[in-house]
file structure26.txt (compact mmCIF, C-alpha atoms)
# COMPACT_ATOMS: atom_id res chain seq x y z
CA MET J 1 0.00 0.00 0.00
CA PRO J 2 1.35 3.40 -0.84
CA VAL J 3 1.76 6.25 1.62
CA GLU J 4 0.88 9.85 0.97
CA VAL J 5 3.83 12.20 0.52
CA ARG J 6 3.09 15.91 0.88
CA LEU J 7 5.40 18.20 -1.03
CA PRO J 8 6.27 21.82 -0.26
CA THR J 9 5.64 24.43 -2.96
CA VAL J 10 9.33 24.56 -3.89
CA LEU J 11 9.39 20.86 -4.89
CA ARG J 12 6.06 20.67 -6.71
CA GLN J 13 7.59 21.93 -9.94
CA HIS J 14 9.55 18.65 -9.99
CA ALA J 15 6.42 16.54 -9.45
CA ALA J 16 4.10 17.76 -12.19
CA GLY J 17 2.80 20.51 -9.91
CA GLN J 18 1.23 18.12 -7.43
CA SER J 19 1.08 18.98 -3.74
CA SER J 20 0.56 15.39 -2.67
CA VAL J 21 1.67 12.16 -4.31
CA LYS J 22 1.54 8.46 -3.50
CA ALA J 23 4.71 6.41 -3.13
CA ASN J 24 5.49 2.86 -2.05
CA GLY J 25 7.97 1.65 0.54
CA THR J 26 8.34 0.25 4.01
CA THR J 27 10.81 2.92 5.15
CA ILE J 28 11.20 6.64 4.49
CA GLY J 29 14.24 5.82 2.34
CA GLU J 30 12.28 3.36 0.18
CA VAL J 31 9.43 5.83 -0.19
CA PHE J 32 11.88 8.45 -1.46
CA GLU J 33 13.44 5.96 -3.88
CA ASP J 34 9.99 5.32 -5.32
CA LEU J 35 9.30 9.05 -5.40
CA VAL J 36 12.41 9.63 -7.51
CA ARG J 37 11.46 6.73 -9.80
CA GLN J 38 8.16 8.47 -10.46
CA PHE J 39 9.58 11.98 -10.60
CA PRO J 40 13.25 11.85 -11.60
CA LEU J 41 13.56 15.63 -11.23
CA LEU J 42 13.26 15.17 -7.47
CA ALA J 43 16.62 13.36 -7.44
CA GLY J 44 19.04 15.29 -5.28
CA GLN J 45 16.34 17.50 -3.78
CA VAL J 46 15.64 15.43 -0.68
CA ILE J 47 18.47 12.87 -0.56
CA THR J 48 22.10 13.89 -0.98
CA GLU J 49 24.51 12.16 -3.37
CA ASP J 50 25.93 10.15 -0.46
CA GLY J 51 22.46 8.86 0.33
CA SER J 52 21.60 10.83 3.45
CA LEU J 53 18.79 13.21 4.17
CA HIS J 54 19.43 16.68 2.77
CA LYS J 55 20.04 19.29 5.47
CA PHE J 56 17.83 21.76 3.62
CA VAL J 57 14.68 19.74 4.21
CA ASN J 58 12.81 18.45 7.21
CA VAL J 59 10.89 15.20 6.82
CA TYR J 60 8.09 14.06 9.07
CA ARG J 61 6.28 10.77 9.49
CA ASN J 62 2.89 12.00 10.63
CA ASP J 63 3.80 14.35 13.54
CA ASP J 64 7.36 13.18 14.05
CA ASP J 65 10.57 14.59 12.58
CA VAL J 66 12.36 11.52 11.18
CA ARG J 67 15.75 12.92 12.28
CA PHE J 68 14.64 12.02 15.80
CA LEU J 69 13.47 8.57 14.70
CA ASP J 70 15.62 6.43 12.41
CA LYS J 71 16.10 9.00 9.63
CA LEU J 72 15.78 7.26 6.24
CA GLY J 73 15.39 3.91 8.01
CA THR J 74 12.25 5.09 9.76
CA PRO J 75 9.50 2.54 9.04
CA VAL J 76 6.27 3.65 7.43
CA ALA J 77 2.95 1.86 7.38
CA ASP J 78 -0.33 2.16 5.53
CA ASP J 79 -2.11 5.44 6.20
CA ASP J 80 1.08 7.19 7.34
CA VAL J 81 1.57 10.64 5.89
CA VAL J 82 5.09 11.74 5.00
CA THR J 83 5.55 15.50 4.86
CA ILE J 84 8.56 17.24 3.34
CA LEU J 85 9.13 20.87 4.32
CA PRO J 86 12.06 23.16 3.63
CA ALA J 87 14.38 23.92 6.54
CA VAL J 88 13.92 27.65 7.11
CA ALA J 89 16.83 29.61 8.52
CA GLY J 90 18.72 32.82 8.08
CA GLY J 91 20.67 35.51 9.83
CA MET S 1 5.28 40.31 13.63
CA ILE S 2 6.44 43.58 15.16
CA ASP S 3 5.23 42.63 18.64
CA HIS S 4 6.97 39.26 18.32
CA ALA S 5 10.18 40.98 17.20
CA LEU S 6 10.06 43.41 20.13
CA VAL S 7 9.54 40.63 22.67
CA GLU S 8 12.42 38.58 21.27
CA LYS S 9 14.67 41.64 21.12
CA GLU S 10 14.75 41.69 24.93
CA LYS S 11 16.49 38.26 25.09
CA PRO S 12 18.10 39.32 22.68
CA ALA S 13 17.00 36.98 19.89
CA GLU S 14 15.71 37.08 16.35
CA ALA S 15 11.99 36.38 16.02
CA CYS S 16 10.71 34.24 13.15
CA GLY S 17 7.43 32.99 11.80
CA LEU S 18 5.53 31.92 8.73
CA LEU S 19 3.01 33.65 6.47
CA ALA S 20 0.02 31.91 4.93
CA GLY S 21 -2.16 32.90 2.00
CA GLU S 22 -3.22 31.97 -1.50
CA LEU S 23 -0.48 30.72 -3.78
CA GLY S 24 0.60 33.36 -6.27
CA GLU S 25 -0.85 36.24 -4.26
CA PHE S 26 0.86 38.42 -1.68
CA ASP S 27 -2.11 38.76 0.64
CA VAL S 28 -1.22 37.34 4.02
CA LYS S 29 -4.22 35.65 5.62
CA ALA S 30 -2.46 34.33 8.70
CA VAL S 31 0.80 34.90 10.54
CA TYR S 32 2.23 32.00 12.54
CA PRO S 33 4.89 33.02 15.06
CA CYS S 34 7.40 30.19 15.46
CA ALA S 35 10.18 29.42 17.89
CA ASN S 36 13.77 30.21 16.99
CA ALA S 37 15.49 26.83 17.34
CA ALA S 38 19.02 28.12 16.79
CA PRO S 39 21.47 27.57 19.66
CA PRO S 40 20.59 30.14 22.40
CA GLU S 41 23.97 31.86 22.21
CA LYS S 42 23.48 32.51 18.48
CA GLN S 43 19.82 33.54 18.47
CA ASP S 44 20.66 37.25 18.39
CA VAL S 45 22.31 36.86 14.98
CA ILE S 46 20.61 33.86 13.33
CA TYR S 47 17.31 32.07 13.32
CA GLU S 48 16.37 28.48 12.62
CA LEU S 49 12.63 28.12 12.37
CA ASP S 50 11.48 25.33 14.68
CA PRO S 51 10.60 22.33 12.46
CA GLY S 52 7.70 21.27 14.68
CA ASP S 53 6.21 24.77 14.53
CA HIS S 54 6.65 24.70 10.76
CA LEU S 55 4.67 21.46 10.47
CA ARG S 56 1.88 22.82 12.67
CA ALA S 57 1.70 26.07 10.68
CA ASP S 58 1.68 24.18 7.39
CA ARG S 59 -1.20 21.97 8.57
CA GLU S 60 -3.22 24.88 9.88
CA ALA S 61 -2.70 26.79 6.63
CA GLN S 62 -3.74 23.75 4.57
CA ALA S 63 -6.83 23.26 6.74
CA ASN S 64 -7.88 26.79 5.76
CA GLY S 65 -7.15 26.25 2.09
CA TRP S 66 -3.96 28.30 2.20
CA GLU S 67 -0.28 27.60 1.64
CA ILE S 68 2.80 28.89 3.40
CA ILE S 69 3.79 31.80 1.15
CA GLY S 70 6.64 33.31 3.10
CA VAL S 71 8.59 33.84 6.27
CA TYR S 72 9.32 36.81 8.51
CA HIS S 73 12.20 37.29 10.85
CA SER S 74 13.70 40.13 12.79
CA HIS S 75 17.06 41.81 12.90
CA THR S 76 17.95 43.07 16.35
CA HIS S 77 21.07 45.02 15.39
CA THR S 78 20.88 45.60 11.65
CA GLU S 79 18.60 47.19 9.09
CA ALA S 80 15.53 45.58 7.48
CA LEU S 81 17.46 44.07 4.59
CA PRO S 82 18.14 40.40 3.83
CA SER S 83 21.56 39.41 5.13
CA PRO S 84 23.95 37.34 3.00
CA THR S 85 22.83 34.33 5.10
CA ASP S 86 19.17 35.10 4.39
CA ILE S 87 19.90 35.25 0.68
CA ALA S 88 22.02 32.10 0.62
CA GLN S 89 19.49 30.08 2.61
CA ALA S 90 16.23 31.34 1.10
CA PRO S 91 14.30 28.09 0.66
CA ASP S 92 11.67 28.97 -1.94
CA ALA S 93 11.81 31.40 -4.87
CA SER S 94 8.01 31.83 -4.73
CA TRP S 95 8.05 32.99 -1.09
CA HIS S 96 7.93 36.49 0.35
CA TYR S 97 10.67 37.34 2.84
CA ILE S 98 9.71 39.96 5.39
CA VAL S 99 12.45 41.46 7.52
CA VAL S 100 11.54 43.39 10.69
CA SER S 101 14.32 45.59 12.03
CA VAL S 102 14.00 46.53 15.69
CA ARG S 103 17.38 48.20 15.75
CA HIS S 104 15.83 51.64 16.15
CA PRO S 105 13.00 52.74 18.48
CA THR S 106 10.51 52.50 15.62
CA ALA S 107 10.39 49.11 13.89
CA VAL S 108 11.04 49.03 10.15
CA VAL S 109 9.34 46.30 8.10
CA ARG S 110 10.23 45.53 4.48
CA SER S 111 9.45 42.67 2.15
CA PHE S 112 11.55 41.02 -0.52
CA THR S 113 11.57 38.22 -3.02
CA ILE S 114 14.73 36.14 -3.18
CA ALA S 115 15.23 33.95 -6.24
CA ASP S 116 18.55 32.34 -7.11
CA GLY S 117 20.40 34.91 -5.03
CA ASN S 118 18.60 37.85 -6.63
CA VAL S 119 16.86 40.11 -4.13
CA ALA S 120 14.03 42.43 -5.09
CA GLU S 121 12.06 44.60 -2.69
CA GLU S 122 8.29 44.51 -3.09
CA PRO S 123 5.57 46.84 -1.85
CA LEU S 124 4.23 45.98 1.59
CA VAL S 125 1.11 47.38 3.26
CA LEU S 126 0.70 46.55 6.93
CA GLU S 127 -2.74 46.34 8.49
CA ARG S 128 -3.41 46.06 12.19
CA PRO S 129 -4.86 42.62 12.96
CA PRO S 130 -8.48 42.57 14.12
CA ALA S 131 -8.94 42.78 17.88
CA ARG S 132 -9.50 39.40 19.53

call {"tool": "encode", "arguments": {"input": "structure26.txt", "output": "structure tokens"}}
result
Amino acid sequence: MPVEVRLPTVLRQHAAGQSSVKANGTTIGEVFEDLVRQFPLLAGQVITEDGSLHKFVNVYRNDDDVRFLDKLGTPVADDDVVTILPAVAGG
Amino acid sequence: MIDHALVEKEKPAEACGLLAGELGEFDVKAVYPCANAAPPEKQDVIYELDPGDHLRADREAQANGWEIIGVYHSHTHTEALPSPTDIAQAPDASWHYIVVSVRHPTAVVRSFTIADGNVAEEPLVLERPPAR
């Protein structure tokens, strides 16, 4: 069963303008692999070249920031919602 | 935004928050003050918008049919202009970036777009929020 992945405005241009897409996987990492298979332009936007979570995004499984769970290894189940938001910072 | 900036100035710290509205329009329907999650000793010169507050603001905006369309933050010691850090770290070219300077007794509020490192000021009209 796929999970829902909510995309921030800045990434929608790489996903045919959609704000929410479905992707398959049992972990956050697998979900993102499927996401990139569907929308190749998302490659490099969420996962770095060395395969870790990009520091410019925050990723949540439902209400929880996956950095405080198991990062890309965080398990996902049916009906989970994965939300990607930009990390917002400045000086 | 100004009240939030003035409160945080006393710490001293930069205030930050998110702006919600219709995509493609610069008509702010809601302002969501957020915590500055930067290390306490650096909060007077940088801000890191609390990721949990961001998620809550995003959900509340979506529930009202809005999107997050920008961010505000304050400068405690400098003018209301995007800093090099603000420009380098601007997350979304479609967003509006409001800077509130509380350096002087009267706050100065200006708004900018930041796309690929290019900064452009845009007109900003402030309205007092309705009394609660």

call {"tool": "closest_atom_pairs", "arguments": {"input": "structure26.txt", "of": "segment 34-62 of chain J", "to": "segment 87-97 of chain S", "cutoff": "12 Å", "atoms": "only C-alpha atoms", "output": "tab-separated table"}}
result
residue	atom	partner	partner_atom	distance
J:Gln45	CA	S:Pro91	CA	11.7
J:Lys55	CA	S:Gln89	CA	11.2
J:Phe56	CA	S:Pro91	CA	7.8
J:Val57	CA	S:Pro91	CA	9.1
J:Asn58	CA	S:Pro91	CA	11.7

call {"tool": "interface_residues", "arguments": {"input": "structure26.txt", "of": "chain J", "to": "chain S", "cutoff": "8 Å", "atoms": "all atoms listed in the file", "output": "list in words"}}
result
Thr9, Val10, Phe56, Asn58, Asp63, Asp65, Leu85, Pro86, Ala87, Val88, Ala89, Gly90 and Gly91 of chain J

call {"tool": "closest_residue", "arguments": {"input": "structure26.txt", "among": "J:Val76, J:Val31, J:Ala23, J:Leu42", "to": "Leu11 of chain J", "atoms": "all atoms listed in the file"}}
result
J:Leu42

call {"tool": "residues_around", "arguments": {"input": "structure26.txt", "residues": "Pro40 of chain J", "least_positions_apart": "5", "cutoff": "10 Å", "atoms": "all atoms listed in the file", "output": "ChimeraX atom specification"}}
result
/J:14-15,33-35

call {"tool": "closest_residue", "arguments": {"input": "structure26.txt", "among": "S:Glu10, S:Asp53, S:Glu60, S:Glu121", "to": "Pro33 of chain S", "atoms": "only C-alpha atoms"}}
result
S:Asp53

call {"tool": "closest_residue", "arguments": {"input": "structure26.txt", "among": "J:Thr27, J:Ile84, J:Asp78, J:Asp70", "to": "His54 of chain J", "atoms": "all atoms listed in the file"}}
result
J:Ile84

call {"tool": "residues_around", "arguments": {"input": "structure26.txt", "residues": "Leu126 of chain S", "least_positions_apart": "2", "cutoff": "10 Å", "atoms": "only C-alpha atoms", "output": "list in words"}}
result
Val28, Val109, Arg110, Leu124, Arg128 and Pro129 of chain S

call {"tool": "atom_distance", "arguments": {"input": "structure26.txt", "atom1": "atom CA of Arg59 of chain S", "atom2": "atom CA of Cys34 of chain S"}}
result
13.7 Å

call {"tool": "atom_distance", "arguments": {"input": "structure26.txt", "atom1": "atom CA of Pro123 of chain S", "atom2": "atom CA of Ser111 of chain S"}}
result
7.0 Å

call {"tool": "atom_distance", "arguments": {"input": "structure26.txt", "atom1": "atom CA of His77 of chain S", "atom2": "atom CA of Ala107 of chain S"}}
result
11.5 Å

call {"tool": "closest_residue", "arguments": {"input": "structure26.txt", "among": "S:Thr113, S:Thr106, S:Asn118, S:Thr76", "to": "Ala15 of chain S", "atoms": "all atoms listed in the file"}}
result
S:Thr76

call {"tool": "closest_residue", "arguments": {"input": "structure26.txt", "among": "S:Ala13, S:Val31, S:Ala57, S:Ala120", "to": "Arg103 of chain S", "atoms": "all atoms listed in the file"}}
result
S:Ala13

call {"tool": "closest_residue", "arguments": {"input": "structure26.txt", "among": "J:Gly17, J:Arg6, J:Leu72, J:Ala77", "to": "Thr48 of chain J", "atoms": "all atoms listed in the file"}}
result
J:Leu72

call {"tool": "axis_aligned_box", "arguments": {"input": "structure26.txt", "around": "segment 25-29 of chain J", "padding_each_side": "4 Å", "output": "AutoDock Vina command-line options"}}
result
--center_x 11.1 --center_y 3.4 --center_z 2.8 --size_x 14.3 --size_y 14.4 --size_z 12.6
